[in-house]
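Undergrad: Dropping in my_file25.txt, which is compact mmCIF, C-alpha atoms and all ligand atoms:
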```
# COMPACT_ATOMS: atom_id res chain seq x y z
CA MET D 14 -5.87 24.28 -27.02
CA THR D 15 -4.89 20.83 -25.76
CA PHE D 16 -1.62 19.60 -24.29
CA LYS D 17 0.74 17.72 -26.60
CA GLY D 18 2.82 16.33 -23.75
CA CYS D 19 2.58 15.44 -20.10
CA LEU D 20 5.51 15.31 -17.66
CA PHE D 21 4.98 13.19 -14.58
CA ASP D 22 6.82 13.42 -11.31
CA LEU D 23 7.45 9.91 -9.94
CA ASP D 24 7.47 9.78 -6.14
CA GLY D 25 4.06 10.86 -4.86
CA VAL D 26 2.42 11.01 -8.30
CA ILE D 27 2.92 7.56 -9.82
CA VAL D 28 3.77 5.64 -6.64
CA ASP D 29 3.92 6.49 -2.97
CA THR D 30 7.54 5.99 -1.98
CA ALA D 31 7.53 8.78 0.63
CA SER D 32 7.11 6.33 3.52
CA HIS D 33 10.20 4.38 2.39
CA HIS D 34 12.27 7.58 2.02
CA PHE D 35 11.00 8.61 5.47
CA VAL D 36 12.05 5.39 7.22
CA ALA D 37 15.48 5.43 5.55
CA TRP D 38 16.20 9.13 6.29
CA LYS D 39 14.86 8.85 9.86
CA THR D 40 17.11 5.85 10.57
CA LEU D 41 20.14 7.72 9.26
CA ALA D 42 19.27 10.99 11.01
CA GLU D 43 18.82 9.24 14.35
CA GLU D 44 22.16 7.45 13.93
CA LEU D 45 23.64 10.95 13.58
CA GLY D 46 21.75 12.13 16.69
CA VAL D 47 19.35 14.33 14.70
CA ALA D 48 15.59 14.15 15.32
CA PHE D 49 13.57 13.60 12.12
CA ASP D 50 9.78 13.55 11.92
CA GLU D 51 7.01 13.46 9.28
CA GLU D 52 7.08 17.24 8.99
CA ASP D 53 10.79 17.16 8.13
CA ASN D 54 10.04 14.46 5.56
CA GLU D 55 7.36 16.66 3.95
CA GLN D 56 10.04 19.27 3.25
CA LEU D 57 12.19 16.71 1.44
CA LYS D 58 9.56 15.71 -1.14
CA GLY D 59 10.98 16.33 -4.60
CA VAL D 60 14.33 17.36 -3.09
CA SER D 61 17.46 15.56 -4.34
CA ARG D 62 19.35 13.03 -2.24
CA VAL D 63 22.29 15.33 -1.60
CA ASP D 64 20.09 18.28 -0.63
CA SER D 65 18.06 16.00 1.64
CA LEU D 66 21.24 14.96 3.49
CA GLU D 67 22.30 18.62 3.75
CA PHE D 68 18.89 19.41 5.32
CA ILE D 69 19.50 16.80 8.05
CA LEU D 70 23.09 17.92 8.67
CA GLN D 71 21.97 21.54 8.95
CA LYS D 72 19.19 20.54 11.35
CA GLY D 73 21.78 18.85 13.57
CA ASN D 74 24.43 21.57 13.11
CA LEU D 75 26.76 18.91 11.74
CA VAL D 76 29.65 19.53 9.37
CA LEU D 77 31.01 16.43 7.59
CA ASP D 78 33.62 15.89 4.88
CA SER D 79 32.51 14.94 1.38
CA ASN D 80 33.59 11.27 1.63
CA THR D 81 31.53 10.80 4.77
CA LYS D 82 28.56 12.44 3.06
CA LEU D 83 28.88 10.07 0.08
CA ARG D 84 29.05 7.08 2.42
CA LEU D 85 25.96 8.22 4.32
CA MET D 86 23.98 8.79 1.08
CA ASP D 87 24.93 5.30 -0.13
CA LYS D 88 23.85 3.84 3.20
CA LYS D 89 20.49 5.62 3.09
CA ASN D 90 19.98 4.58 -0.52
CA LEU D 91 20.68 0.91 0.18
CA HIS D 92 18.18 1.00 3.02
CA TYR D 93 15.62 2.77 0.76
CA LEU D 94 16.12 0.27 -2.08
CA GLY D 95 15.66 -2.63 0.36
CA LEU D 96 12.32 -1.16 1.43
CA ALA D 97 11.26 -0.25 -2.13
CA ASP D 98 12.09 -3.77 -3.34
CA GLN D 99 8.56 -4.87 -2.40
CA ILE D 100 6.96 -2.40 -4.88
CA GLN D 101 4.81 -4.18 -7.49
CA PRO D 102 2.49 -3.13 -10.36
CA ALA D 103 -0.55 -2.99 -8.06
CA ASP D 104 1.22 -0.19 -6.10
CA ALA D 105 0.81 2.37 -8.89
CA LEU D 106 -1.37 5.08 -7.32
CA PRO D 107 -5.13 4.84 -8.06
CA GLY D 108 -6.11 6.03 -11.53
CA ILE D 109 -2.56 6.49 -12.81
CA VAL D 110 -2.46 3.45 -15.12
CA ASP D 111 -5.83 4.40 -16.67
CA LEU D 112 -4.69 8.00 -17.08
CA ILE D 113 -1.52 6.90 -18.88
CA ALA D 114 -3.62 4.67 -21.19
CA ASP D 115 -5.91 7.66 -21.86
CA LEU D 116 -2.93 9.86 -22.75
CA LYS D 117 -1.50 7.23 -25.06
CA ALA D 118 -4.87 6.83 -26.81
CA ALA D 119 -5.05 10.63 -27.27
CA GLY D 120 -1.54 10.68 -28.82
CA VAL D 121 -0.09 12.73 -25.96
CA ARG D 122 3.66 12.20 -25.46
CA ILE D 123 4.57 11.33 -21.89
CA GLY D 124 7.75 11.97 -19.98
CA LEU D 125 9.09 11.47 -16.48
CA GLY D 126 10.59 14.40 -14.56
CA SER D 127 11.88 13.01 -11.27
CA SER D 128 14.61 14.02 -8.84
CA SER D 129 15.18 10.37 -8.01
CA LYS D 130 18.26 8.48 -9.18
CA ASN D 131 16.27 5.29 -8.66
CA ALA D 132 13.46 6.25 -11.05
CA GLU D 133 14.05 3.59 -13.72
CA GLN D 134 14.25 0.79 -11.15
CA ILE D 135 11.00 1.89 -9.55
CA LEU D 136 9.22 2.25 -12.93
CA SER D 137 10.41 -1.27 -13.84
CA LYS D 138 8.90 -2.67 -10.66
CA LEU D 139 5.61 -1.03 -11.64
CA ASN D 140 5.87 -2.37 -15.23
CA LEU D 141 5.67 1.23 -16.46
CA LEU D 142 9.18 1.81 -17.79
CA ALA D 143 8.27 1.15 -21.44
CA VAL D 144 5.30 3.54 -21.57
CA PHE D 145 7.45 6.68 -21.22
CA ASP D 146 8.62 8.47 -24.35
CA ALA D 147 11.34 10.24 -22.33
CA ILE D 148 12.83 9.87 -18.86
CA VAL D 149 14.69 12.64 -17.05
CA ASP D 150 15.73 11.74 -13.53
CA GLY D 151 18.28 12.59 -10.85
CA ASN D 152 21.06 11.01 -12.92
CA HIS D 153 20.62 13.66 -15.64
CA LEU D 154 20.38 16.76 -13.46
CA THR D 155 22.76 19.36 -12.10
CA LEU D 156 20.11 21.38 -10.29
CA SER D 157 17.45 20.23 -7.85
CA LYS D 158 13.74 21.17 -7.98
CA PRO D 159 12.55 24.02 -7.60
CA ASP D 160 14.98 24.72 -10.45
CA PRO D 161 13.09 23.97 -13.70
CA GLU D 162 15.98 21.97 -15.27
CA VAL D 163 14.23 18.60 -14.87
CA PHE D 164 11.08 19.67 -16.71
CA LEU D 165 12.85 21.77 -19.34
CA LYS D 166 15.01 18.73 -20.18
CA GLY D 167 11.88 16.57 -20.19
CA ALA D 168 10.03 18.84 -22.64
CA HIS D 169 13.13 19.03 -24.82
CA ALA D 170 13.43 15.23 -24.86
CA LEU D 171 9.78 15.03 -25.97
CA GLY D 172 10.48 17.59 -28.69
CA LEU D 173 7.91 19.98 -27.23
CA ALA D 174 7.81 23.53 -25.86
CA PRO D 175 6.97 24.05 -22.16
CA GLU D 176 3.67 25.72 -23.03
CA ASP D 177 2.56 22.53 -24.81
CA CYS D 178 3.22 20.31 -21.80
CA LEU D 179 1.43 19.72 -18.52
CA VAL D 180 3.54 19.02 -15.40
CA ILE D 181 1.98 16.81 -12.71
CA GLU D 182 3.55 17.20 -9.26
CA ASP D 183 2.89 16.38 -5.59
CA ALA D 184 5.62 18.53 -4.00
CA ILE D 185 5.87 22.29 -3.46
CA ALA D 186 9.43 22.24 -4.88
CA GLY D 187 8.14 20.43 -7.97
CA VAL D 188 5.17 22.76 -8.52
CA ASP D 189 7.56 25.71 -8.28
CA ALA D 190 9.93 24.02 -10.75
CA GLY D 191 7.13 23.60 -13.28
CA ILE D 192 5.99 27.19 -12.91
CA ALA D 193 9.55 28.51 -13.19
CA GLY D 194 9.88 26.57 -16.47
CA GLY D 195 6.75 28.12 -17.98
CA PHE D 196 4.57 24.99 -17.75
CA GLN D 197 0.96 24.56 -16.70
CA VAL D 198 1.11 22.61 -13.43
CA LEU D 199 -1.41 20.20 -11.97
CA GLY D 200 -0.84 19.54 -8.27
CA VAL D 201 -1.79 16.21 -6.70
CA GLY D 202 -2.53 16.41 -3.00
CA ASP D 203 -3.52 19.19 -0.63
CA ALA D 204 -4.75 22.36 -2.41
CA ASN D 205 -3.71 24.54 0.56
CA GLU D 206 -0.17 23.28 0.36
CA LEU D 207 0.15 23.32 -3.45
CA LYS D 208 -1.37 26.80 -3.80
CA ARG D 209 0.84 27.87 -6.68
CA ALA D 210 -0.30 25.02 -8.96
CA HIS D 211 -2.77 26.03 -11.70
CA ALA D 212 -5.18 23.36 -10.45
CA VAL D 213 -5.02 20.71 -7.73
CA VAL D 214 -6.71 17.29 -7.51
CA PRO D 215 -6.64 15.00 -4.46
CA GLY D 216 -5.77 12.02 -6.71
CA PHE D 217 -6.56 10.58 -10.14
CA GLY D 218 -9.22 8.02 -9.22
CA GLY D 219 -12.15 8.53 -11.64
CA LEU D 220 -10.59 11.46 -13.55
CA ASN D 221 -9.99 11.10 -17.27
CA TRP D 222 -7.65 13.17 -19.46
CA ASP D 223 -10.45 15.40 -20.85
CA GLU D 224 -11.61 16.25 -17.34
CA ILE D 225 -8.05 17.06 -16.26
CA GLN D 226 -7.48 19.30 -19.29
CA ASN D 227 -10.76 21.11 -18.58
CA LEU D 228 -9.60 21.92 -15.05
CA LEU D 229 -6.54 23.66 -16.47
CA LEU D 230 -7.80 25.19 -19.66
CA HIS D 231 -10.62 26.98 -17.86
CA LYS D 232 -8.23 28.74 -15.46
P1 LIG D 301 16.71 9.28 -4.70
P2 LIG D 301 10.42 12.84 -7.24
C1 LIG D 301 12.21 12.61 -5.27
O1 LIG D 301 11.50 12.05 -6.34
C2 LIG D 301 11.58 12.30 -3.93
O2 LIG D 301 10.34 12.99 -3.81
C3 LIG D 301 12.48 12.76 -2.82
O3 LIG D 301 11.92 12.45 -1.57
C4 LIG D 301 13.85 12.08 -2.98
O4 LIG D 301 14.76 12.55 -1.98
C5 LIG D 301 14.41 12.41 -4.36
O5 LIG D 301 13.50 11.98 -5.34
C6 LIG D 301 15.75 11.75 -4.61
O6 LIG D 301 15.55 10.36 -4.61
O7 LIG D 301 17.42 9.25 -3.38
O8 LIG D 301 15.94 8.03 -5.02
O9 LIG D 301 17.64 9.68 -5.82
O10 LIG D 301 9.30 13.20 -6.31
O11 LIG D 301 11.13 14.03 -7.86
O12 LIG D 301 10.04 11.79 -8.25
MG MG D 302 7.21 13.86 -5.95
```
Now, as a test, write the supplied structure out as structure tokens.
Ligand code: B16
Ligand code: MG
TA:
Amino acid sequence: MTFKGCLFDLDGVIVDTASHHFVAWKTLAEELGVAFDEEDNEQLKGVSRVDSLEFILQKGNLVLDSNTKLRLMDKKNLHYLGLADQIQPADALPGIVDLIADLKAAGVRIGLGSSSKNAEQILSKLNLLAVFDAIVDGNHLTLSKPDPEVFLKGAHALGLAPEDCLVIEDAIAGVDAGIAGGFQVLGVGDANELKRAHAVVPGFGGLNWDEIQNLLLHK
């Protein structure tokens, strides 16, 4: 058996935007009088913008009305986009461009499954927008990872069943979303953290598609 499709997470799999999200959320949290460190940021990986704000408000025991929340999310997003503006094709994470070329050559359909509402802008900066056969991002979702909606919609857009697609994720919430949807999940990052993934790699440098499939199919 081989996979017919592959669904990529964006932030942390294709490009490292976590540091930009961190600076923007930390600035906002501190303006609200809430401490925010790297560990807090870890918990927000793969989590939607609105749920990320709720995390900070809860941490600070703050209750705000919905207009104020919308204003704060816009403010954070403008700050984030200013920081992410410097992203360029060379910032695609090591091995990712070669892996995508490998998938294309093997006739595997590729989709994006990201919580981010900025996904298309970021893919454009990387010159990778056109390579995706389907894009599902935060603009198309009602439920945040770990709900499987993002990947189920991605598989559907590719015309494939979950069992025919591999999900590639860097976040615990994203790994759980893939598993809940009935996908095989490859984690990228720390194997201790992403324990529930079917296999974990530290990154894609030097790994081709056959080697990745072997890691999963021999589980
Ligand atoms: P935005 P992913 C996620 O993207 C990020 O990991 C997470 O940190 C961010 O809060 C979320 O997107 C929403 O992003 O504010 O740009 O809509 O990892 O699912 O690609
Ligand atoms: Mg991610």
Undergrad: Could you produce a table of the residues of chain D lying within 7 Å of ligand LIG 301 (chain D), with the nearest pair of atoms per residue and their separation in Å rounded to one decimal, using all atoms listed in the file, ordered by chain and increasing residue number, as CSV?
TA:
```
residue,atom,partner,partner_atom,distance
D:Asp22,CA,D:LIG301,O12,4.7
D:Leu23,CA,D:LIG301,O12,3.6
D:Asp24,CA,D:LIG301,O10,3.9
D:Gly25,CA,D:LIG301,O10,5.9
D:Ala31,CA,D:LIG301,O3,6.1
D:His34,CA,D:LIG301,O3,6.1
D:Leu57,CA,D:LIG301,O3,5.2
D:Lys58,CA,D:LIG301,O2,3.9
D:Gly59,CA,D:LIG301,O2,3.5
D:Val60,CA,D:LIG301,O4,5.0
D:Ser61,CA,D:LIG301,C6,4.2
D:Arg62,CA,D:LIG301,O7,4.4
D:Ser65,CA,D:LIG301,O4,6.0
D:Asn90,CA,D:LIG301,O7,6.0
D:Gly126,CA,D:LIG301,O11,6.7
D:Ser127,CA,D:LIG301,O11,3.6
D:Ser128,CA,D:LIG301,O11,3.6
D:Ser129,CA,D:LIG301,O9,3.4
D:Lys130,CA,D:LIG301,O9,3.6
D:Asn131,CA,D:LIG301,O8,4.6
D:Ala132,CA,D:LIG301,O8,6.8
D:Gly151,CA,D:LIG301,O9,5.8
D:Ala184,CA,D:LIG301,O10,6.9
```
Undergrad: Taking into account all atoms listed in the file, which residue in the set D:Gly219, D:Glu182, D:Gln101, D:Ile135 is nearest to ligand MG 302 (chain D)?
TA: D:Glu182
Undergrad: Nearest to D:Asp177: which of D:Leu142, D:Ala193, D:Val198, D:Val213 is it, counting all atoms listed in the file?
TA: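 Smallest distance to D:Asp177 is found for D:Val198.
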Undergrad: What's around D:Ala42 at 9 Å? Count all atoms listed in the file, leave out sequence neighbours fewer than 6 positions away in its own chain, and write the answer as a list in words.
TA: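 What passes the distance filter is Ala48, Phe49, Leu66, Ile69, Leu70 and Gly73 of chain D.
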Undergrad: Tell me which of D:Leu230, D:Leu83, D:Ile181, D:Val63 sits closest to ligand MG 302 (chain D), counting only C-alpha atoms and all ligand atoms.
TA: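 So, comparing all the options, the nearest one is D:Ile181.
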Undergrad: Rank nothing, just name the residue among D:Gly124, D:Pro161, D:Gly216, D:Gly172 nearest to D:Val149, using all atoms listed in the file.
TA: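 When distances to D:Val149 are compared using all atoms listed in the file, the smallest one comes from D:Gly124.
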Undergrad: By how many Å are atom CA of D:Gly191 and atom CA of D:Ile123 apart?
TA: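 According to the coordinates, atom CA of D:Gly191 and atom CA of D:Ile123 are separated by 15.2 Å.
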Undergrad: Between D:Arg209, D:Lys158, D:Lys82, D:Lys138, single out the one closest to D:Ile27, counting only C-alpha atoms.
TA: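 Checking each of D:Arg209, D:Lys158, D:Lys82, D:Lys138 against D:Ile27, counting only C-alpha atoms, the winner is D:Lys138.
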Undergrad: Would you compute the distance between atom CA of D:Leu116 and atom CA of D:Leu199? Give it in Å to one decimal.
TA: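 Taking atom CA of D:Leu116 and atom CA of D:Leu199, their separation equals 15.0 Å.
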Undergrad: Rank nothing, just name the residue among D:Ile113, D:Val26, D:Leu171, D:Val76 nearest to ligand MG 302 (chain D), using all atoms listed in the file.
TA: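 For ligand MG 302 (chain D), the nearest of the given residues is D:Val26.
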Undergrad: Please measure the separation of atom CA of D:Tyr93 and atom CA of D:Ala37, giving the value in Å to one decimal.
TA: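 Value for the atom CA of D:Tyr93-atom CA of D:Ala37 distance: 5.5 Å.
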Undergrad: So that I can check the surroundings of D:Leu165, please list as number ranges by chain every protein, DNA and RNA residue that reaches within 9 Å of it, counting only C-alpha atoms and ignoring chain neighbours fewer than 5 positions away.
TA: D: 170, 174-175, 191, 194-195
Undergrad: Add whatever atoms are absent from stretch 103-124 of chain D to reach N, CA and C atoms, and provide the output as a tab-separated table (two decimals), in the frame of the given file.
TA:
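Written output follows (rebuild.tsv):
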```
chain	number	residue	atom	x	y	z
D	103	ALA	N	0.69	-3.40	-8.74
D	103	ALA	CA	-0.55	-2.99	-8.06
D	103	ALA	C	-0.32	-1.75	-7.18
D	104	ASP	N	0.94	-1.36	-6.96
D	104	ASP	CA	1.22	-0.19	-6.10
D	104	ASP	C	1.17	1.14	-6.86
D	105	ALA	N	0.98	1.10	-8.16
D	105	ALA	CA	0.81	2.37	-8.89
D	105	ALA	C	-0.40	3.07	-8.26
D	106	LEU	N	-0.31	4.38	-8.04
D	106	LEU	CA	-1.37	5.08	-7.32
D	106	LEU	C	-2.70	5.01	-8.10
D	107	PRO	N	-3.83	5.02	-7.41
D	107	PRO	CA	-5.13	4.84	-8.06
D	107	PRO	C	-5.35	5.79	-9.23
D	108	GLY	N	-5.77	5.22	-10.35
D	108	GLY	CA	-6.11	6.03	-11.53
D	108	GLY	C	-4.95	6.29	-12.46
D	109	ILE	N	-3.72	6.06	-12.02
D	109	ILE	CA	-2.56	6.49	-12.81
D	109	ILE	C	-2.41	5.62	-14.08
D	110	VAL	N	-2.63	4.33	-13.95
D	110	VAL	CA	-2.46	3.45	-15.12
D	110	VAL	C	-3.52	3.78	-16.17
D	111	ASP	N	-4.76	4.04	-15.73
D	111	ASP	CA	-5.83	4.40	-16.67
D	111	ASP	C	-5.54	5.75	-17.32
D	112	LEU	N	-5.01	6.69	-16.52
D	112	LEU	CA	-4.69	8.00	-17.08
D	112	LEU	C	-3.62	7.88	-18.16
D	113	ILE	N	-2.59	7.09	-17.89
D	113	ILE	CA	-1.52	6.90	-18.88
D	113	ILE	C	-2.09	6.28	-20.16
D	114	ALA	N	-3.00	5.31	-20.01
D	114	ALA	CA	-3.62	4.67	-21.19
D	114	ALA	C	-4.43	5.71	-21.98
D	115	ASP	N	-5.12	6.59	-21.25
D	115	ASP	CA	-5.91	7.66	-21.86
D	115	ASP	C	-5.01	8.61	-22.67
D	116	LEU	N	-3.89	8.96	-22.08
D	116	LEU	CA	-2.93	9.86	-22.75
D	116	LEU	C	-2.39	9.23	-24.02
D	117	LYS	N	-2.04	7.96	-23.90
D	117	LYS	CA	-1.50	7.23	-25.06
D	117	LYS	C	-2.55	7.20	-26.19
D	118	ALA	N	-3.80	6.92	-25.81
D	118	ALA	CA	-4.87	6.83	-26.81
D	118	ALA	C	-5.09	8.19	-27.48
D	119	ALA	N	-4.85	9.28	-26.72
D	119	ALA	CA	-5.05	10.63	-27.27
D	119	ALA	C	-3.81	11.12	-28.03
D	120	GLY	N	-2.76	10.30	-28.09
D	120	GLY	CA	-1.54	10.68	-28.82
D	120	GLY	C	-0.69	11.69	-28.08
D	121	VAL	N	-0.89	11.79	-26.77
D	121	VAL	CA	-0.09	12.73	-25.96
D	121	VAL	C	1.23	12.06	-25.60
D	122	ARG	N	2.35	12.79	-25.79
D	122	ARG	CA	3.66	12.20	-25.46
D	122	ARG	C	3.87	12.31	-23.95
D	123	ILE	N	4.41	11.27	-23.35
D	123	ILE	CA	4.57	11.33	-21.89
D	123	ILE	C	6.03	11.18	-21.48
D	124	GLY	N	6.39	12.00	-20.48
D	124	GLY	CA	7.75	11.97	-19.98
D	124	GLY	C	7.76	11.91	-18.47
```
